[in-house]
Each structure stands twice: as structure tokens, then as C-alpha cells.
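What follows is the content of input33.txt (compact mmCIF, C-alpha atoms).
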# COMPACT_ATOMS: atom_id res chain seq x y z
CA MET A 1 0.37 -9.18 26.24
CA MET A 2 0.52 -11.69 23.39
CA ALA A 3 2.29 -10.71 20.18
CA SER A 4 -0.91 -11.12 18.14
CA LEU A 5 -2.59 -8.37 20.22
CA LEU A 6 0.43 -6.08 20.52
CA THR A 7 0.58 -3.21 18.03
CA VAL A 8 2.18 0.20 17.80
CA GLN A 9 -1.32 1.58 18.29
CA THR A 10 -1.74 -0.08 21.71
CA ILE A 11 1.75 1.01 22.78
CA LEU A 12 1.08 4.64 21.88
CA ASP A 13 -2.25 4.51 23.70
CA ARG A 14 -0.50 3.46 26.90
CA PHE A 15 2.91 5.13 26.84
CA LEU A 16 2.48 8.49 25.11
CA PRO A 17 4.45 11.06 27.13
CA GLU A 18 2.53 13.31 29.47
CA GLU A 19 4.45 16.40 28.41
CA PRO A 20 2.84 18.08 25.38
CA LEU A 21 4.15 17.22 21.91
CA ASP A 22 4.49 19.65 19.03
CA GLY A 23 1.41 20.01 16.85
CA HIS A 24 2.68 17.84 13.99
CA ARG A 25 3.62 14.84 16.15
CA LEU A 26 0.44 15.22 18.15
CA LYS A 27 -1.67 14.95 14.99
CA VAL A 28 0.29 11.94 13.77
CA CYS A 29 -0.17 10.12 17.08
CA ALA A 30 -3.87 10.98 17.09
CA ARG A 31 -4.28 9.44 13.64
CA LEU A 32 -2.30 6.33 14.54
CA THR A 33 -4.17 5.68 17.78
CA GLY A 34 -7.50 6.25 16.03
CA CYS A 35 -6.72 4.06 13.01
CA ARG A 36 -9.54 1.57 12.27
CA THR A 37 -11.56 2.75 15.26
CA ALA A 38 -14.78 4.75 15.61
CA ARG A 39 -12.73 7.93 15.60
CA MET A 40 -12.00 7.44 11.88
CA GLY A 41 -15.57 6.61 10.94
CA GLY A 42 -16.49 3.67 8.79
CA MET A 43 -19.40 1.80 7.30
CA GLU A 44 -21.93 -0.80 8.32
CA VAL A 45 -22.10 -3.71 5.89
CA GLN A 46 -24.53 -6.58 5.36
CA CYS A 47 -24.32 -9.87 3.50
CA ASP A 48 -26.97 -10.33 0.80
CA HIS A 49 -27.20 -14.06 1.59
CA CYS A 50 -26.96 -14.68 5.34
CA LYS A 51 -28.00 -11.08 6.23
CA ALA A 52 -25.20 -10.82 8.81
CA ARG A 53 -24.19 -7.25 9.65
CA SER A 54 -20.85 -5.91 10.79
CA VAL A 55 -18.97 -2.62 11.10
CA CYS A 56 -15.76 -1.79 9.24
CA TYR A 57 -13.79 1.23 10.41
CA TYR A 58 -11.56 3.23 8.08
CA GLY A 59 -7.80 3.46 8.30
CA CYS A 60 -5.97 6.70 9.01
CA ARG A 61 -3.82 6.47 5.82
CA ASP A 62 -0.96 8.16 7.64
CA ARG A 63 2.46 7.38 6.18
CA HIS A 64 3.76 6.45 9.65
CA CYS A 65 1.00 3.91 10.36
CA PRO A 66 2.07 0.22 10.40
CA GLN A 67 -1.46 -0.93 9.56
CA CYS A 68 -1.99 1.33 6.55
CA GLN A 69 1.51 1.41 5.09
CA GLY A 70 1.86 -2.37 5.08
CA ARG A 71 -1.09 -2.54 2.70
CA ALA A 72 0.18 0.42 0.68
CA SER A 73 3.57 -1.24 0.23
CA GLN A 74 1.94 -4.41 -1.07
CA ARG A 75 -0.29 -2.46 -3.46
CA TRP A 76 2.71 -0.54 -4.84
CA SER A 77 4.64 -3.76 -5.42
CA ASN A 78 1.66 -5.37 -7.15
CA ARG A 79 1.23 -2.38 -9.46
CA GLN A 80 4.84 -2.63 -10.66
CA ARG A 81 4.41 -6.32 -11.48
CA ALA A 82 1.10 -5.61 -13.22
CA LEU A 83 2.84 -3.05 -15.44
CA SER A 84 5.41 -5.64 -16.49
CA ARG A 85 2.75 -8.25 -17.33
CA ARG A 86 0.63 -5.77 -19.26
CA PHE A 87 3.62 -4.74 -21.36
CA ARG A 88 4.42 -8.42 -21.99
CA GLY A 89 0.89 -9.18 -23.18
CA ARG A 90 0.76 -6.12 -25.42
CA MET A 91 4.15 -6.83 -26.97
CA VAL A 92 3.43 -10.50 -27.65
CA SER A 93 0.03 -9.64 -29.10
CA LEU A 94 1.54 -7.16 -31.56
CA LEU A 95 4.21 -9.68 -32.56
CA ARG A 96 1.50 -12.25 -33.34
CA VAL A 97 -0.33 -9.72 -35.50
CA SER A 98 2.88 -8.89 -37.37
CA ALA A 99 3.65 -12.58 -37.88
CA ASN A 100 0.17 -13.32 -39.25
CA ALA A 101 0.52 -10.36 -41.61
CA GLY A 102 3.85 -11.69 -42.90
CA GLU A 103 5.83 -8.74 -41.59
CA LEU A 104 8.43 -10.85 -39.75
CA TYR A 105 10.54 -11.53 -42.82
CA ARG A 106 13.24 -13.55 -41.07
CA VAL A 107 10.73 -16.12 -39.83
CA THR A 108 10.28 -18.89 -42.37
CA ASN A 109 8.35 -21.43 -40.29
CA SER A 110 4.91 -20.26 -39.16
CA GLY A 111 4.83 -22.69 -36.23
CA GLU A 112 8.10 -21.30 -34.95
CA VAL A 113 6.51 -17.97 -34.02
CA ASP A 114 3.71 -19.48 -31.94
CA GLY A 115 6.10 -21.69 -30.02
CA LEU A 116 8.48 -18.84 -29.30
CA LEU A 117 5.76 -16.40 -28.21
CA ASP A 118 4.05 -19.02 -26.05
CA GLY A 119 7.36 -19.53 -24.28
CA LEU A 120 7.78 -15.79 -23.76
CA MET A 121 4.35 -15.55 -22.14
CA GLN A 122 5.42 -18.10 -19.53
CA GLN A 123 8.26 -15.87 -18.32
CA GLU A 124 8.15 -12.79 -16.10
CA TRP A 125 9.28 -9.74 -18.03
CA VAL A 126 11.27 -6.83 -16.65
CA VAL A 127 10.42 -3.44 -18.11
CA TYR A 128 13.54 -1.25 -18.48
CA THR A 129 16.17 -2.94 -16.42
CA ARG A 130 19.93 -2.78 -16.20
CA HIS A 131 22.54 -5.51 -16.10
CA CYS A 132 23.10 -5.20 -12.35
CA LEU A 133 19.38 -5.61 -11.58
CA ASN A 134 19.00 -9.25 -12.56
CA GLN A 135 16.22 -10.12 -10.11
CA ALA A 136 13.24 -7.87 -10.73
CA ASP A 137 11.07 -9.21 -7.90
CA THR A 138 13.83 -8.55 -5.38
CA VAL A 139 14.29 -4.98 -6.61
CA VAL A 140 10.56 -4.22 -6.57
CA ASP A 141 10.14 -5.62 -3.06
CA TYR A 142 13.16 -3.62 -1.89
CA LEU A 143 11.78 -0.37 -3.31
CA ALA A 144 8.31 -1.07 -1.91
CA ARG A 145 9.73 -1.44 1.59
CA TYR A 146 11.49 1.92 1.38
CA THR A 147 8.81 3.95 -0.41
CA HIS A 148 6.29 3.07 2.33
CA ARG A 149 8.70 2.34 5.15
CA ILE A 150 7.76 3.02 8.76
CA ALA A 151 9.75 3.06 11.99
CA ILE A 152 8.72 -0.47 13.02
CA SER A 153 6.07 -2.87 11.80
CA ASN A 154 3.62 -4.68 14.06
CA GLY A 155 5.10 -7.99 12.92
CA ARG A 156 8.36 -7.24 14.76
CA LEU A 157 6.66 -6.70 18.13
CA LEU A 158 6.94 -9.75 20.38
CA SER A 159 5.46 -9.10 23.82
CA MET A 160 4.75 -6.57 26.55
CA GLU A 161 5.37 -7.43 30.19
CA GLY A 162 4.51 -4.69 32.62
CA ASP A 163 6.07 -1.52 31.26
CA ARG A 164 8.63 -3.30 29.08
CA ILE A 165 8.29 -4.17 25.40
CA SER A 166 10.26 -6.71 23.41
CA PHE A 167 10.72 -6.64 19.65
CA ARG A 168 12.77 -8.39 17.01
CA TYR A 169 15.61 -6.71 15.13
CA LYS A 170 18.39 -7.70 12.75
CA ASP A 171 21.94 -7.20 14.01
CA TYR A 172 24.02 -6.37 10.94
CA ARG A 173 27.18 -6.30 13.05
CA ASP A 174 26.61 -9.97 13.79
CA HIS A 175 26.09 -11.20 10.22
CA GLY A 176 22.44 -10.11 10.11
CA ARG A 177 21.24 -12.42 12.88
CA LEU A 178 17.77 -11.87 14.34
CA LYS A 179 17.84 -10.83 17.99
CA THR A 180 15.42 -9.64 20.65
CA GLN A 181 15.62 -6.33 22.49
CA TRP A 182 13.71 -5.09 25.52
CA LEU A 183 12.85 -1.42 26.05
CA GLU A 184 10.82 0.52 28.55
CA GLY A 185 7.51 1.61 27.04
CA GLN A 186 8.26 5.32 27.22
CA GLU A 187 11.69 4.79 25.64
CA PHE A 188 10.09 2.79 22.84
CA VAL A 189 7.65 5.64 22.15
CA ARG A 190 10.46 8.22 22.30
CA ARG A 191 12.40 6.34 19.63
CA PHE A 192 9.28 5.91 17.52
CA LEU A 193 8.54 9.64 17.62
CA MET A 194 12.07 10.36 16.38
CA HIS A 195 11.15 8.65 13.08
CA ILE A 196 8.14 10.87 12.34
CA LEU A 197 8.99 12.75 9.15
CA PRO A 198 8.82 16.55 9.08
CA LYS A 199 5.63 18.07 7.75
CA GLY A 200 5.82 18.59 4.00
CA PHE A 201 8.68 16.12 3.49
CA MET A 202 8.19 14.32 0.16
CA ARG A 203 9.26 10.68 0.14
CA ILE A 204 8.29 9.95 -3.47
CA ARG A 205 8.61 12.45 -6.31
CA HIS A 206 7.53 12.00 -9.92
CA PHE A 207 9.34 13.64 -12.81
CA GLY A 208 8.98 13.96 -16.56
CA TYR A 209 5.45 13.68 -17.92
CA LEU A 210 4.29 12.28 -14.55
CA SER A 211 5.32 15.41 -12.67
CA ASN A 212 2.38 16.75 -10.68
CA ARG A 213 2.71 20.25 -12.12
CA THR A 214 2.39 19.27 -15.80
CA ARG A 215 0.97 15.74 -15.71
CA ARG A 216 -2.47 16.55 -17.12
CA GLN A 217 -1.17 18.72 -19.98
CA LYS A 218 1.59 16.31 -21.03
CA LEU A 219 -0.64 13.25 -20.87
CA ALA A 220 -3.11 15.05 -23.15
CA VAL A 221 -0.30 15.72 -25.65
CA ILE A 222 0.84 12.08 -25.49
CA ARG A 223 -2.70 10.81 -26.13
CA GLN A 224 -2.99 13.19 -29.07
CA CYS A 225 0.27 11.91 -30.56
CA LEU A 226 -0.95 8.32 -30.13
CA LEU A 227 -4.27 9.23 -31.79
CA GLN A 228 -6.18 8.31 -28.66
CA PRO A 229 -9.37 10.15 -27.67
CA PRO A 230 -9.03 12.51 -24.70
CA GLN A 231 -10.34 11.30 -21.39
CA PRO A 232 -13.68 12.91 -20.50
CA GLU A 233 -13.83 15.14 -17.47
CA SER A 234 -16.24 13.36 -15.15
CA ASN A 235 -16.92 12.97 -11.50
CA ARG A 236 -14.68 10.24 -10.14
CA VAL A 237 -17.13 9.38 -7.38
CA ASN A 238 -19.87 8.57 -9.88
CA GLN A 239 -17.56 6.19 -11.77
CA GLU A 240 -16.66 4.07 -8.75
CA PRO A 241 -18.59 0.79 -8.64
CA PRO A 242 -20.34 -0.12 -5.39
CA ARG A 243 -17.90 -1.76 -3.01
CA CYS A 244 -18.62 -5.39 -2.21
CA TRP A 245 -16.62 -8.46 -1.27
CA PRO A 246 -17.25 -12.12 -0.38
CA CYS A 247 -18.85 -12.81 2.99
CA LEU A 248 -16.45 -14.53 5.38
CA ARG A 249 -19.28 -16.02 7.47
CA CYS A 250 -21.34 -17.92 4.92
CA ASN A 251 -18.90 -17.88 1.96
CA ASP A 252 -21.91 -17.70 -0.36
CA GLY A 253 -23.03 -14.08 -0.45
CA LEU A 254 -21.54 -10.67 -1.09
CA VAL A 255 -21.16 -7.99 1.57
CA HIS A 256 -22.53 -4.56 0.65
CA MET A 257 -22.43 -1.25 2.45
CA VAL A 258 -25.65 -0.37 4.29
CA ARG A 259 -24.76 3.03 5.72
CA GLN A 260 -21.86 5.35 6.36
CA ILE A 261 -20.67 5.90 9.93
CA PRO A 262 -19.41 9.46 10.51
CA ARG A 263 -16.14 10.16 12.25
CA PHE A 264 -16.28 10.41 16.01
CA ARG A 265 -15.07 13.82 17.12
CA ILE A 266 -14.32 14.85 20.68
CA VAL A 267 -15.72 18.29 21.48
CA ALA A 268 -14.13 20.15 24.36
CA VAL A 269 -16.75 21.60 26.68
CA PRO A 270 -15.58 24.59 28.75
CA THR A 271 -16.04 24.27 32.49
CA GLY A 272 -16.56 26.86 35.14

Would you encode the structure as C-alpha cells?
Amino acid sequence: MMASLLTVQTILDRFLPEEPLDGHRLKVCARLTGCRTARMGGMEVQCDHCKARSVCYYGCRDRHCPQCQGRASQRWSNRQRALSRRFRGRMVSLLRVSANAGELYRVTNSGEVDGLLDGLMQQEWVVYTRHCLNQADTVVDYLARYTHRIAISNGRLLSMEGDRISFRYKDYRDHGRLKTQWLEGQEFVRRFLMHILPKGFMRIRHFGYLSNRTRRQKLAVIRQCLLQPPQPESNRVNQEPPRCWPCLRCNDGLVHMVRQIPRFRIVAVPTG
């Protein structure tokens, strides 16, 4: 099988052990093998320009899934960079206001402020860093890989010949060189199942005012101290805008959801 068609999902479909797994691992494997298939449900969409219709199936959102966690890792990394850029814009904006109001007493040349702040806006800022962390992008990417890390990504899978699977790995004993390893399909699955985290294991924990137990109360106090109005209690579903995206067929229209597709459930029918 070609590498472009080989995924952890297809390997689990073929080589899951015949002996029964414990309930937790069985549920994880069921979610992974059903990811972005009819078993997860989805939606039928249509372009408002070319009228082409297609079906998009939902992901399983399991923390062991290579398809879902790759996207989650990228979203987490993007959010950290967005925080840095928002802080930069807010800080520079307030400095401009202070300069125009004459509150920056050490600045004698008005043109000096604009030139300096324009230069600051061209640089990537790092919010709360230390001396040893001198490359913010590297640190954020490193944390993103570990906060949403999985046993093996689909990008490392190379080929499947018969019952054997090859994948790429980095040999740190040999100066980090990339090498290829072959495993029997059942052995590959056995090693993958060893990396399934125990049920209830928390990989990311928030503390301080972002702690789950007191987040709502402490955020309300912070908004009150900042003289900000409290956020209204409203239905989150009603606030979400309708999902649409550019059509990949005609490149002119927008794709909108036509109908929801329910999850496909297998019902066991007793015999005899």
C-alpha cells in the first residue's frame, strides 16, 4: 500500500487482535477506526454557486487520533502566537495614545515615537519569556507537539507489504538520523495500544484564575476590577455563525451545510 493511503486507521482496521481488549482500549480503537467515516456522522454540504454537493464526516476528537490531534496541535500553536500579536498591538496602541497626550516625558522628538513603534510592530513579540527561551516559535512548536502528542503520526508511515509495515523513526543513538523500521502488523498494533493513556489521565491542567473549578468566578472578579461589563449568559449554539467555506470545485462560491447526517450505530440483533 502506498504511503499516501496508509494510516493508523487502516492498520487498526486490519490488524486489531482477535482476543478481546479491555473496555477503555476497545472504545478508543472504535473511535479511531470510525474517525471521519459514516460511523461518526457528518453533514451534507452544497456550493451556492456551482450547486455541487458533497458529504463531510466528523472526526472522533480522540486524543490518540493522528487525524484529529494533528489539527489540534496546529490550532494550539496558532493560539499562542495570536496571543503574542494581540498583546503587541494593544501595547503599541496605548503607547501611541500616551505619546499623543504628551505623557512620555523623555521623548522630545514627536517623529521619534512613530518610527520606534512602527519598528516594534514589525517584530514578533514574546509574552513572558525567560533568558533561556530565546526562540519563541521553537518553544511553542515544542509544547504543541507534546500537549497533543500521539503514539505515531500518519506522516511517519511509509508502506505496507503483506502483513509488514514500515515507518520512519529518528535514531537518537546515531546522532538523530532518520531510519526505517519494519514490523509485523500485529506487533505494530500491540505497540500502539501500549501508548493509549489511562482513562481520566489529564495531560493539560490549568491553574490560577484559569483553573476549571474557579474559572468563572475569578474571571468575573477580574472583569469587575477592570471595569468591564459582565458577559451575558446566553446559548452558545445560537451565537455560532453558520459554517461556510470556499468551494474547492469552482473557487467562486461558498459551501453551506444542507443537512445533518446522524451517526451510524450498529445494533446487535439476538439470534436463536

From A:Leu197, A:Cys47, A:Leu219, A:Met202, residue lying nearest Val255 (chain A) [all atoms listed in the file]: A:Cys47

Nearest-residue call for Cys56 (chain A), choices A:Gly102, A:Gly70, A:Pro229, A:Gly41, using only C-alpha atoms: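 Nearest to Cys56 (chain A): A:Gly41.
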
Atomic separation - CA of Cys250 (chain A) relative to CA of His49 (chain A), Å: 7.8 Å

Who sits within 9 Å of Thr180 (chain A), all atoms listed in the file, same chain under 2 positions skipped, as a ChimeraX atom specification: /A:158,166-170,178,182

Computed interatomic separation between CA of Gly119 (chain A) and CA of Arg106 (chain A) (Å): 18.8 Å

Spatial neighbours of His256 (chain A), 8 Å, all atoms listed in the file, chain gap at least 4 places, as an MDAnalysis selection string: chainID A and resid 45:48 242:245

Store the residues of this selection in a file with C-alpha atoms, as a short mmCIF file (atom, residue, chain, number, x, y, z; two decimals), keeping the file's coordinate frame.
data_model
loop_
_atom_site.label_atom_id
_atom_site.label_comp_id
_atom_site.auth_asym_id
_atom_site.auth_seq_id
_atom_site.Cartn_x
_atom_site.Cartn_y
_atom_site.Cartn_z
CA VAL A 45 -22.10 -3.71 5.89
CA GLN A 46 -24.53 -6.58 5.36
CA CYS A 47 -24.32 -9.87 3.50
CA ASP A 48 -26.97 -10.33 0.80
CA PRO A 242 -20.34 -0.12 -5.39
CA ARG A 243 -17.90 -1.76 -3.01
CA CYS A 244 -18.62 -5.39 -2.21
CA TRP A 245 -16.62 -8.46 -1.27
#

Radius query 12 Å about (5.9, 12.4, 22.9), atoms used: all atoms listed in the file, as a VMD selection string: chain A and resid 12 to 30 185 to 196

Å distance separating CA of Cys225 (chain A) from CA of Arg79 (chain A), one decimal place: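 The value is 25.5 Å.
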
Spatial neighbours of Thr37 (chain A), max dist 9 Å, only C-alpha atoms, sep filter under 4 positions, as a count of residues only: 7

Centre and size of axis-aligned box enclosing region 154-165 of chain A plus 8 Å each side, as JSON:
{"center_x": 6.1, "center_y": -5.6, "center_z": 22.8, "size_x": 21.0, "size_y": 24.2, "size_z": 35.7}

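Proximity to Arg88 (chain A) was assessed for A:Leu117, A:Met43, A:Ile150, A:Cys50 counting all atoms listed in the file; the smallest distance is recorded for A:Leu117.
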
Selection: 12 Å around Val97 (chain A), only C-alpha atoms, excl. self and same-chain fewer than 6 positions, as a list in words: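 Close residues of Val97 (chain A): Arg90, Met91, Glu103, Leu104, Val113, Asp114 and Leu117 of chain A.
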
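Of the listed residues (A:Phe201, A:Tyr172, A:Tyr105, A:Phe87), A:Phe87 comes nearest to Trp125 (chain A); the distances count all atoms listed in the file.
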